[in-house]
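Raw contents of my_file38.tsv, TSV, C-alpha atoms:
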chain	number	residue	atom	x	y	z
U	1	MET	CA	0.00	0.00	0.00
U	2	LYS	CA	1.16	3.51	-0.82
U	3	ARG	CA	1.26	6.02	2.02
U	4	LEU	CA	0.12	9.56	1.13
U	5	LEU	CA	0.51	12.72	3.23
U	6	LEU	CA	-1.93	15.59	2.55
U	7	LEU	CA	-1.05	19.13	3.63
U	8	PRO	CA	-3.10	20.83	4.67
U	9	CYS	CA	-5.86	18.24	4.61
U	10	GLY	CA	-8.62	20.76	5.36
U	11	THR	CA	-8.73	22.12	1.81
U	12	ASN	CA	-11.49	21.20	-0.63
U	13	ALA	CA	-8.92	19.63	-2.95
U	14	CYS	CA	-7.56	17.35	-0.23
U	15	PHE	CA	-11.09	16.39	0.82
U	16	HIS	CA	-11.95	15.21	-2.68
U	17	ILE	CA	-8.62	13.40	-3.08
U	18	ALA	CA	-9.03	11.54	0.22
U	19	LYS	CA	-12.68	10.71	-0.48
U	20	THR	CA	-11.99	9.45	-4.01
U	21	LEU	CA	-8.99	7.31	-3.05
U	22	LYS	CA	-10.77	5.70	-0.10
U	23	GLU	CA	-13.97	5.04	-2.05
U	24	LYS	CA	-12.37	3.86	-5.30
U	25	PHE	CA	-9.06	2.36	-4.15
U	26	PRO	CA	-9.49	1.44	-0.46
U	27	ALA	CA	-6.89	-1.33	-0.54
U	28	ASP	CA	-4.22	0.74	-2.25
U	29	TYR	CA	-3.66	3.81	-0.04
U	30	VAL	CA	-2.99	4.77	3.56
U	31	ILE	CA	-3.81	8.47	3.86
U	32	ILE	CA	-2.29	10.73	6.52
U	33	GLY	CA	-3.39	14.34	6.98
U	34	THR	CA	-2.15	17.44	8.78
U	35	ASP	CA	-3.90	20.74	9.42
U	36	ILE	CA	-3.85	23.65	11.87
U	37	ASN	CA	-7.49	22.96	12.80
U	38	LYS	CA	-8.86	20.30	15.13
U	39	LYS	CA	-9.68	16.92	13.65
U	40	TRP	CA	-13.41	17.20	14.22
U	41	GLU	CA	-13.46	20.47	12.23
U	42	ILE	CA	-12.10	18.84	9.05
U	43	ALA	CA	-14.38	16.95	6.66
U	44	SER	CA	-11.57	14.92	5.07
U	45	CYS	CA	-10.80	13.28	8.43
U	46	ASN	CA	-13.65	10.86	7.70
U	47	TYR	CA	-11.35	9.37	5.07
U	48	LEU	CA	-7.98	9.58	6.86
U	49	ASP	CA	-6.08	6.74	8.50
U	50	ALA	CA	-4.18	9.15	10.75
U	51	PHE	CA	-4.26	12.87	11.54
U	52	TYR	CA	-1.73	15.31	13.00
U	53	ARG	CA	-2.60	18.83	14.14
U	54	SER	CA	0.24	21.00	12.86
U	55	PRO	CA	1.68	24.39	13.79
U	56	TYR	CA	1.20	27.23	11.31
U	57	SER	CA	3.43	27.05	8.24
U	58	SER	CA	5.01	30.33	9.39
U	59	ASP	CA	6.13	28.67	12.63
U	60	PRO	CA	9.88	27.82	12.62
U	61	SER	CA	9.04	24.29	13.82
U	62	TYR	CA	6.66	23.55	10.94
U	63	TYR	CA	9.23	22.27	8.44
U	64	ASP	CA	10.74	19.70	10.81
U	65	PHE	CA	7.26	18.77	12.04
U	66	ILE	CA	6.30	17.68	8.51
U	67	LEU	CA	9.62	15.89	7.93
U	68	ASN	CA	9.14	13.92	11.16
U	69	ILE	CA	5.72	12.78	10.00
U	70	CYS	CA	7.25	11.67	6.70
U	71	LYS	CA	9.89	9.70	8.59
U	72	ASN	CA	7.68	8.16	11.27
U	73	GLU	CA	4.79	7.31	8.95
U	74	LYS	CA	7.08	6.06	6.16
U	75	ILE	CA	5.39	8.37	3.65
U	76	ASP	CA	5.71	7.55	-0.06
U	77	TYR	CA	3.96	10.61	-1.52
U	78	LEU	CA	3.44	14.13	-0.17
U	79	LEU	CA	0.78	16.42	-1.66
U	80	PRO	CA	1.16	20.14	-0.84
U	81	SER	CA	-2.09	21.97	-1.61
U	82	PHE	CA	-1.20	25.50	-0.39
U	83	ASP	CA	1.40	27.81	-1.92
U	84	CYS	CA	3.43	27.96	1.30
U	85	ASP	CA	3.79	24.18	1.25
U	86	GLN	CA	4.66	24.21	-2.44
U	87	PHE	CA	7.57	26.52	-1.68
U	88	LEU	CA	8.84	24.26	1.11
U	89	PHE	CA	8.17	20.75	-0.17
U	90	TYR	CA	8.88	20.78	-3.90
U	91	PRO	CA	9.99	17.55	-5.72
U	92	GLU	CA	13.70	18.48	-5.68
U	93	ASN	CA	13.75	18.95	-1.89
U	94	LYS	CA	16.80	16.98	-0.69
U	95	ASP	CA	15.34	16.28	2.76
U	96	LEU	CA	12.33	14.60	1.15
U	97	GLN	CA	14.54	12.67	-1.27
U	98	ASN	CA	16.66	11.39	1.62
U	99	LEU	CA	13.47	10.00	3.16
U	100	ASN	CA	12.39	8.49	-0.19
U	101	VAL	CA	9.35	10.78	-0.26
U	102	LYS	CA	8.11	11.93	-3.66
U	103	SER	CA	6.46	15.35	-3.66
U	104	LEU	CA	3.49	15.81	-5.97
U	105	GLY	CA	3.97	19.58	-5.87
U	106	VAL	CA	5.26	22.12	-8.36
U	107	SER	CA	8.90	21.77	-9.43
U	108	LYS	CA	11.53	24.15	-8.05
U	109	LYS	CA	12.25	25.34	-11.60
U	110	THR	CA	8.62	26.34	-12.10
U	111	ILE	CA	8.50	28.05	-8.69
U	112	ASP	CA	11.64	30.05	-9.41
U	113	CYS	CA	10.60	30.95	-12.97
U	114	PHE	CA	7.19	32.43	-12.22
U	115	TYR	CA	4.99	30.54	-9.76
U	116	ALA	CA	5.70	32.81	-6.78
U	117	ASP	CA	5.35	36.09	-8.67
U	118	LYS	CA	2.13	37.12	-10.45
U	119	ASN	CA	4.00	39.60	-12.65
U	120	LYS	CA	6.17	36.78	-13.99
U	121	VAL	CA	3.05	34.70	-14.60
U	122	ASN	CA	1.52	37.52	-16.66
U	123	GLU	CA	4.75	37.92	-18.66
U	124	PHE	CA	4.85	34.17	-19.32
U	125	TYR	CA	1.24	34.18	-20.57
U	126	ALA	CA	1.81	37.17	-22.83
U	127	ARG	CA	4.93	35.58	-24.39
U	128	ASN	CA	2.90	32.47	-25.21
U	129	GLY	CA	-0.04	34.26	-26.81
U	130	ILE	CA	-2.42	33.79	-23.90
U	131	PRO	CA	-4.74	36.81	-23.39
U	132	VAL	CA	-4.25	38.62	-20.08
U	133	PRO	CA	-5.68	41.83	-18.59
U	134	LYS	CA	-3.69	44.98	-19.28
U	135	THR	CA	-1.14	45.56	-16.52
U	136	TYR	CA	-0.01	48.97	-15.25
U	137	ARG	CA	3.10	50.16	-13.45
U	138	PHE	CA	2.77	52.35	-10.38
U	139	ASN	CA	4.01	55.46	-12.24
U	140	GLN	CA	1.38	54.97	-14.98
U	141	LEU	CA	-1.66	55.33	-12.73
U	142	GLU	CA	-4.29	58.02	-13.24
U	143	ALA	CA	-5.69	59.45	-10.01
U	144	ASP	CA	-9.39	59.08	-10.83
U	145	LYS	CA	-9.24	55.86	-12.86
U	146	GLU	CA	-10.34	52.56	-11.27
U	147	TYR	CA	-8.01	49.56	-11.27
U	148	PHE	CA	-8.00	46.00	-9.97
U	149	ILE	CA	-5.16	45.30	-7.54
U	150	LYS	CA	-3.87	42.23	-5.73
U	151	PRO	CA	-0.71	41.47	-3.73
U	152	GLU	CA	2.07	40.11	-5.94
U	153	ASN	CA	2.39	37.04	-3.72
U	154	GLY	CA	-1.22	36.82	-2.55
U	155	VAL	CA	-3.38	33.70	-2.37
U	156	GLY	CA	-7.08	32.97	-1.99
U	157	SER	CA	-8.22	36.44	-3.17
U	158	VAL	CA	-6.83	37.99	0.04
U	159	GLY	CA	-6.22	41.69	-0.60
U	160	ALA	CA	-7.69	41.57	-4.12
U	161	LYS	CA	-9.96	44.58	-4.74
U	162	LYS	CA	-10.86	47.55	-6.92
U	163	ALA	CA	-9.11	50.83	-6.13
U	164	SER	CA	-8.76	54.26	-7.70
U	165	GLY	CA	-5.30	55.41	-8.76
U	166	LYS	CA	-5.09	58.00	-5.97
U	167	ASP	CA	-5.71	55.30	-3.34
U	168	ILE	CA	-2.90	52.99	-4.51
U	169	LEU	CA	-0.02	54.27	-2.41
U	170	ASP	CA	2.84	51.94	-3.29
U	171	ASP	CA	4.10	49.49	-5.92
U	172	THR	CA	3.67	46.26	-3.93
U	173	TYR	CA	0.60	45.25	-5.96
U	174	LEU	CA	-0.09	43.71	-9.32
U	175	ILE	CA	-2.19	46.45	-10.94
U	176	GLN	CA	-4.52	45.57	-13.83
U	177	GLU	CA	-7.49	46.84	-15.76
U	178	VAL	CA	-10.88	46.05	-14.27
U	179	CYS	CA	-12.49	43.01	-15.91
U	180	GLU	CA	-16.26	42.68	-15.98
U	181	PRO	CA	-18.27	39.52	-15.13
U	182	PRO	CA	-18.73	36.71	-15.77
U	183	GLU	CA	-15.68	35.16	-14.11
U	184	ILE	CA	-14.74	31.77	-15.54
U	185	THR	CA	-12.10	29.44	-14.16
U	186	LEU	CA	-10.67	26.49	-16.05
U	187	GLU	CA	-9.69	23.21	-14.39
U	188	CYS	CA	-6.99	21.47	-16.43
U	189	PHE	CA	-6.00	17.81	-16.29
U	190	TYR	CA	-2.90	16.67	-18.19
U	191	ASP	CA	-1.30	13.22	-18.03
U	192	GLY	CA	1.65	13.99	-20.29
U	193	LYS	CA	-0.25	13.03	-23.44
U	194	ARG	CA	-3.84	14.20	-23.21
U	195	LEU	CA	-5.39	17.43	-21.98
U	196	ALA	CA	-8.92	17.61	-20.57
U	197	THR	CA	-10.57	20.75	-19.20
U	198	VAL	CA	-13.68	21.74	-17.28
U	199	ALA	CA	-14.86	25.37	-17.29
U	200	ARG	CA	-16.72	26.90	-14.33
U	201	LYS	CA	-18.72	30.11	-14.56
U	202	ARG	CA	-18.74	31.62	-11.08
U	203	ILE	CA	-22.24	32.43	-9.85
U	204	GLU	CA	-21.67	32.80	-6.12
U	205	ALA	CA	-18.59	33.06	-3.90
U	206	LYS	CA	-17.80	33.18	-0.18
U	207	ASN	CA	-14.46	34.47	1.15
U	208	GLY	CA	-12.95	34.20	-2.32
U	209	VAL	CA	-14.03	30.57	-2.77
U	210	CYS	CA	-16.60	29.66	-5.43
U	211	THR	CA	-19.68	28.11	-3.78
U	212	LYS	CA	-22.04	27.99	-6.79
U	213	ALA	CA	-21.09	27.60	-10.45
U	214	LYS	CA	-22.26	26.57	-13.89
U	215	VAL	CA	-20.04	23.77	-15.22
U	216	PHE	CA	-19.51	23.44	-18.97
U	217	HIS	CA	-16.95	22.68	-21.69
U	218	SER	CA	-15.36	25.38	-23.84
U	219	GLU	CA	-13.26	24.48	-26.85
U	220	LYS	CA	-11.96	28.06	-27.01
U	221	LEU	CA	-10.69	28.02	-23.41
U	222	GLU	CA	-9.28	24.52	-23.83
U	223	ASN	CA	-7.25	25.70	-26.82
U	224	ILE	CA	-5.83	28.51	-24.69
U	225	ALA	CA	-4.87	25.99	-22.00
U	226	ARG	CA	-3.26	23.77	-24.64
U	227	ARG	CA	-1.04	26.65	-25.77
Step by step, read the file and then write its structure as structure tokens.
Amino acid sequence: MKRLLLLPCGTNACFHIAKTLKEKFPADYVIIGTDINKKWEIASCNYLDAFYRSPYSSDPSYYDFILNICKNEKIDYLLPSFDCDQFLFYPENKDLQNLNVKSLGVSKKTIDCFYADKNKVNEFYARNGIPVPKTYRFNQLEADKEYFIKPENGVGSVGAKKASGKDILDDTYLIQEVCEPPEITLECFYDGKRLATVARKRIEAKNGVCTKAKVFHSEKLENIARR
């Protein structure tokens, strides 16, 4: 049996992974989870074989805490679902390799190239012919014009908002033109040979997370993803 560590296991993604593996492949996986919340507060714990309540990822003890779980639980695969864990536990991490743990996260090369910086992401898209909102530099702003801003290293829509030029006081944001609804996200699945996509038109959201959506297929968006 393969032993999988989910961090943090309280995310929607980890819930669906744990649920699917336990329902479809119950004899193939032992699933361990960690999270800052209590076990009874986490839906995925119904599908876990073991749970560890962790310190915050910003805590200096967090890194060794996760490594100790990997060692003591003889973990085969580690799945980081938050950006902070991606930056710590990427596939090339030597500490994980020494424990024979394979990370299912983003490669260090991808992180360094553009994953941690939204400006680099936009530049990458533009170079590859993928349409992106117009981006402005701080010294290009007009006082009475409205813009959409978000922290360069932000996650989960935290700090993302509309603001007029006169209210943007520094250059720590990614500053873009305001895009009008509808908002559509594209889930992409690629196995090295085939690409499949599912589009979601956002209808309702809570705390930056989509809670109601129309699901459909778009050949146009899939072609963009393929590029």
Rounded to one decimal in Å, what is the spacing between CA of Asn72 (chain U) and CA of Leu88 (chain U)?
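So the answer is 19.1 Å.
CA of Gly159 (chain U) sits 20.7 Å away from CA of Glu142 (chain U).
CA of Pro131 (chain U) is positioned 27.0 Å from CA of Phe87 (chain U).
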Minimum-distance residue to Ile184 (chain U), chosen among U:Ala196, U:Ile75, U:Cys210, U:Leu169 (using all atoms listed in the file):
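Using all atoms listed in the file, Ile184 (chain U) sits closest to U:Cys210.
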Dig up all the protein and nucleic acid residues within 9 Å of (-0.4, 17.5, 2.6) in the file frame, using all atoms listed in the file, and format them as a compact mmCIF listing (two decimals) with C-alpha atoms, in the coordinates of the input.
# COMPACT_ATOMS: atom_id res chain seq x y z
CA LEU U 4 0.12 9.56 1.13
CA LEU U 5 0.51 12.72 3.23
CA LEU U 6 -1.93 15.59 2.55
CA LEU U 7 -1.05 19.13 3.63
CA PRO U 8 -3.10 20.83 4.67
CA CYS U 9 -5.86 18.24 4.61
CA CYS U 14 -7.56 17.35 -0.23
CA ILE U 32 -2.29 10.73 6.52
CA GLY U 33 -3.39 14.34 6.98
CA THR U 34 -2.15 17.44 8.78
CA ASP U 35 -3.90 20.74 9.42
CA ILE U 66 6.30 17.68 8.51
CA LEU U 78 3.44 14.13 -0.17
CA LEU U 79 0.78 16.42 -1.66
CA PRO U 80 1.16 20.14 -0.84
CA SER U 81 -2.09 21.97 -1.61
CA PHE U 82 -1.20 25.50 -0.39
CA ASP U 85 3.79 24.18 1.25
